[in-house]
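Here the structure is laid out as structure tokens; the discussion comes afterwards.
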Amino acid sequence: MSRSKVSVLALLCGALIIAYWQFWPKAIPGWTAEEVEVLRSLSLSSLQDLPPNPSNAVADNPLAAEFGSRLFFDTRLSANNGISCATCHQPIRRFTDGLQKGQAIGTTDRNTPSIVGVAYSPWQFWDGRRDSLWSQALAPIEDAREHAFNREQVRSLVTDDAQYREYYESLFGRLPEPGRADAHSTNVVFANIGKAIEAFERTIMPGESRFDRYVAALVNGDVERQEELFSDDEVRGLRLFISDANCTQCHNGPLLTNHEFHNTGVISFPGDIPDKGRVAGVREVMLDEFNCKGEYSDDDKRSCDELEFARTDATLIGAFKTPSLRNLENTAPFMHKGQFATLADVLENYNVAADAMIGHNEAKPLGFSQRQLDQLEAFLRTLAAPVQMMATREGQGD
């Protein structure tokens, strides 16, 4: 063989070796004991019991949850008899609606967030402008763009419906007689309706995902089961999630959220002025008549540490609540105004981490390759799971 042919052959072999190391899948290293503990902390098996809500005396009352379920799906709680809580929080879509912004009687300012497992959060809405699920449930009822109802109409509906009246009086005592209700007694009824809805929403929890089963297999040392559950790309995506991507800085714990507020530089919705987010929401919750410190709270001690020590500084400008990453399927579009149609779009936002349009972007550019982004997305899809509910009425579930 001539020297020139040998040189060409050597070059080809070298190129093949380089290509092999660049593109051929490498063996996945095992998980360290420290990494296993991190993964265990993210697993649903680590989810603690739902903490009580002292501001709602019927928060965990099964009869209240049953009453709240009926209210949640009742379109009579609206000005046009066509809108219910489930109009935007649709069970089949993991209690979202598939729209960029919520659409009821009118169009809301923001995307409809899922309420799966949200009872664990001390703050409600994207900007945290309510500090309990029951106070949150009241806001859409009176919003002209959503239910466009009012407190007096809510009281009349409950009074006039024999079944609702029976539920109410079994839980909260006698309703005010027609024509004798003043503003205070009307507010009491209104607040109690919110408390019944919260009792139902506290029963809506995420189910076990493929990720949770993978962690269980990992903890048990079942390698065969691990390989059945996760592809190589999903394992690599998970490794990126807890390491180089630093996702667990915000998406931590078994619900994959720290329930806090962050500015991640998401672009404004076309035609909208930049949204101030939490910095405005925290002011609103402080003034809310139905907050933890208000007279309609059932907590005589007014144990309101979250409200008492809530941050109010300028770093909250443009910050929004960290959403759970569980049950992402059927919940697109993503972010507080539905700016991103796909998970790939969301990841690209973090990959670039451009300057925020308002406030300061806390995120740092990932600088990942397309393959790494695909692997990260592959892992996120392993968090899909059915929603667990106390009871599923016909037409409401999956």
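The chains in the structure tokens are called A, B, ... from first to last as shown; in each chain the residues are counted from 1, and the ligands are counted from 1 in the order shown.
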Per residue of segment 333-397 of chain A within 12 Å of segment 94-118 of chain A, note the shortest atom pair and the distance in Å to one decimal, counting only C-alpha atoms, and order the rows by chain and increasing residue number, as a tab-separated table.
```
residue	atom	partner	partner_atom	distance
A:Pro333	CA	A:Gln100	CA	5.9
A:Phe334	CA	A:Gln100	CA	7.8
A:Met335	CA	A:Asn111	CA	7.2
A:His336	CA	A:Asn111	CA	5.3
A:Lys337	CA	A:Asn111	CA	4.6
A:Gly338	CA	A:Gln100	CA	4.1
A:Gln339	CA	A:Gln100	CA	6.9
A:Phe340	CA	A:Gln100	CA	8.6
A:Ala341	CA	A:Gln100	CA	8.5
A:Thr342	CA	A:Gly98	CA	11.6
A:Ala384	CA	A:Arg94	CA	10.2
A:Ala385	CA	A:Arg94	CA	9.6
A:Pro386	CA	A:Arg94	CA	8.4
A:Val387	CA	A:Arg94	CA	6.9
A:Gln388	CA	A:Val116	CA	8.6
A:Met389	CA	A:Val116	CA	9.4
A:Gln396	CA	A:Phe95	CA	10.0
A:Gly397	CA	A:Arg94	CA	9.2
```
Distance query Asn192 of chain A at most 12 Å, only C-alpha atoms, self and fewer than 6 positions along chain excluded, as a short mmCIF file (atom, residue, chain, number, x, y, z; two decimals) with N, CA and C atoms, in the first residue's frame:
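Final output, out_21.cif:
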```
data_model
loop_
_atom_site.label_atom_id
_atom_site.label_comp_id
_atom_site.auth_asym_id
_atom_site.auth_seq_id
_atom_site.Cartn_x
_atom_site.Cartn_y
_atom_site.Cartn_z
N SER A 55 -57.38 29.36 58.59
CA SER A 55 -58.33 30.41 58.20
C SER A 55 -59.62 29.85 57.63
N ASN A 56 -59.66 28.53 57.40
CA ASN A 56 -60.84 27.87 56.84
C ASN A 56 -61.19 26.66 57.70
N ALA A 57 -62.22 26.80 58.52
CA ALA A 57 -62.60 25.75 59.46
C ALA A 57 -63.11 24.48 58.78
N VAL A 58 -63.53 24.58 57.51
CA VAL A 58 -64.07 23.41 56.81
C VAL A 58 -63.13 22.94 55.69
N ALA A 59 -61.88 23.37 55.75
CA ALA A 59 -60.94 23.08 54.66
C ALA A 59 -60.83 21.59 54.35
N ALA A 64 -68.01 19.65 52.98
CA ALA A 64 -67.64 20.93 52.35
C ALA A 64 -67.03 20.69 50.97
N PHE A 67 -69.85 19.94 48.60
CA PHE A 67 -70.53 21.20 48.29
C PHE A 67 -69.67 22.02 47.33
N GLY A 68 -68.38 22.12 47.64
CA GLY A 68 -67.47 22.89 46.79
C GLY A 68 -67.37 22.36 45.39
N LEU A 71 -70.34 23.59 43.48
CA LEU A 71 -70.18 25.02 43.18
C LEU A 71 -69.16 25.22 42.06
N LEU A 133 -56.63 29.59 49.18
CA LEU A 133 -57.46 29.11 48.07
C LEU A 133 -58.88 29.65 48.16
N TRP A 134 -59.40 29.82 49.38
CA TRP A 134 -60.78 30.30 49.48
C TRP A 134 -60.90 31.77 49.08
N SER A 135 -59.92 32.58 49.43
CA SER A 135 -59.98 33.98 49.01
C SER A 135 -59.73 34.10 47.51
N ALA A 137 -60.72 31.87 45.31
CA ALA A 137 -61.93 31.42 44.62
C ALA A 137 -62.97 32.52 44.49
N LEU A 138 -62.91 33.51 45.37
CA LEU A 138 -63.90 34.59 45.36
C LEU A 138 -63.62 35.62 44.26
N ARG A 151 -71.77 39.49 45.23
CA ARG A 151 -71.96 38.78 46.49
C ARG A 151 -73.43 38.55 46.81
N VAL A 154 -74.68 35.68 44.82
CA VAL A 154 -74.21 34.41 45.36
C VAL A 154 -75.06 34.00 46.56
N ARG A 155 -75.31 34.96 47.45
CA ARG A 155 -76.13 34.65 48.63
C ARG A 155 -77.53 34.22 48.21
N VAL A 158 -77.60 30.57 46.80
CA VAL A 158 -77.48 29.56 47.84
C VAL A 158 -78.77 29.48 48.67
N TYR A 167 -76.74 22.12 52.26
CA TYR A 167 -75.29 22.02 52.41
C TYR A 167 -74.76 23.14 53.30
N TYR A 168 -75.14 24.36 52.95
CA TYR A 168 -74.60 25.53 53.63
C TYR A 168 -74.91 25.49 55.12
N GLU A 169 -76.18 25.27 55.45
CA GLU A 169 -76.58 25.35 56.85
C GLU A 169 -76.04 24.18 57.67
N LEU A 171 -73.06 23.10 57.27
CA LEU A 171 -71.65 23.43 57.47
C LEU A 171 -71.44 24.72 58.26
N PHE A 172 -72.24 25.73 57.97
CA PHE A 172 -71.95 27.07 58.48
C PHE A 172 -73.03 27.67 59.37
N GLY A 173 -74.16 26.99 59.52
CA GLY A 173 -75.25 27.57 60.29
C GLY A 173 -76.27 28.25 59.40
N LEU A 175 -78.59 30.52 57.18
CA LEU A 175 -78.43 31.63 56.24
C LEU A 175 -79.29 32.80 56.71
N SER A 185 -73.31 40.21 56.75
CA SER A 185 -73.80 38.83 56.64
C SER A 185 -73.66 38.31 55.21
N THR A 186 -73.81 39.21 54.24
CA THR A 186 -73.60 38.81 52.84
C THR A 186 -72.15 38.43 52.62
N GLU A 198 -62.64 25.86 48.26
CA GLU A 198 -61.28 25.45 48.65
C GLU A 198 -61.26 24.00 49.13
N ALA A 199 -62.26 23.60 49.91
CA ALA A 199 -62.30 22.23 50.42
C ALA A 199 -62.27 21.23 49.26
N PHE A 290 -60.39 39.72 52.51
CA PHE A 290 -60.53 38.31 52.83
C PHE A 290 -59.18 37.65 53.09
N TYR A 296 -62.94 37.77 58.20
CA TYR A 296 -63.63 36.58 57.70
C TYR A 296 -62.78 35.32 57.81
N SER A 297 -61.56 35.48 58.34
CA SER A 297 -60.72 34.32 58.61
C SER A 297 -61.26 33.57 59.82
N ASP A 298 -61.19 32.24 59.80
CA ASP A 298 -61.63 31.42 60.93
C ASP A 298 -60.53 31.23 61.97
#
```
Per DSSP on the backbone, what are the alpha helix (DSSP H) residues of segment 59-259 of chain A, as a PyMOL selection string? chain A and resi 62-72+85-88+133-142+151-160+162-172+183-201+210-219+223-229+232-242
Once DSSP has gone over the backbone, tell me which residues of segment 203-309 of chain A are in strand (DSSP E or B), as a PyMOL selection string. chain A and resi 205-206+261-262+277
With C-alpha atoms kept, could you save the residues just selected as a PDB file, in the first residue's frame?
```pdb
ATOM      1  CA  MET A 205     -53.549  16.331  43.667  1.00  0.00           C
ATOM      2  CA  PRO A 206     -50.934  15.068  41.181  1.00  0.00           C
ATOM      3  CA  PHE A 261     -41.608  34.581  42.739  1.00  0.00           C
ATOM      4  CA  HIS A 262     -38.918  35.105  40.104  1.00  0.00           C
ATOM      5  CA  GLY A 277     -46.130  40.873  38.559  1.00  0.00           C
TER       6      GLY A 277
END
```
Atom CA of Thr331 of chain A and atom CA of Arg278 of chain A, how far apart in Å?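 Atom-to-atom, atom CA of Arg278 of chain A and atom CA of Thr331 of chain A are spaced 22.4 Å apart.
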From the options A:Leu328, A:Ile92, A:Cys292, A:Met286, which residue's atoms come nearest to Leu256 of chain A, counting only C-alpha atoms?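 Distance minimum relative to Leu256 of chain A lands on A:Leu328.
Closest approach to Leu325 of chain A among A:Pro91, A:Pro254, A:Gly179, A:Pro365 is made by A:Pro254 (distances from only C-alpha atoms).
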Taking 2 positions as the minimum chain separation for residues in the same chain, which residues sit within 8 Å of segment 366-382 of chain A when counting only C-alpha atoms? Answer as a PyMOL selection string. chain A and resi 209-211+233-238+240-241+244-245+325+328-329+343-344+347-348+350-353+364+384
Smallest atom-to-atom distance to Ala33 of chain A: which of A:Ala183, A:Val219, A:Val285, A:Leu77, using only C-alpha atoms?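 Closest to Ala33 of chain A, using only C-alpha atoms: A:Val219.
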Between atom CA of Val279 of chain A and atom CA of Asp143 of chain A, distance in Å (one decimal): 20.8 Å
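The two atoms in question, atom CA of His259 of chain A and atom CA of Gln124 of chain A, are spaced 9.4 Å apart.
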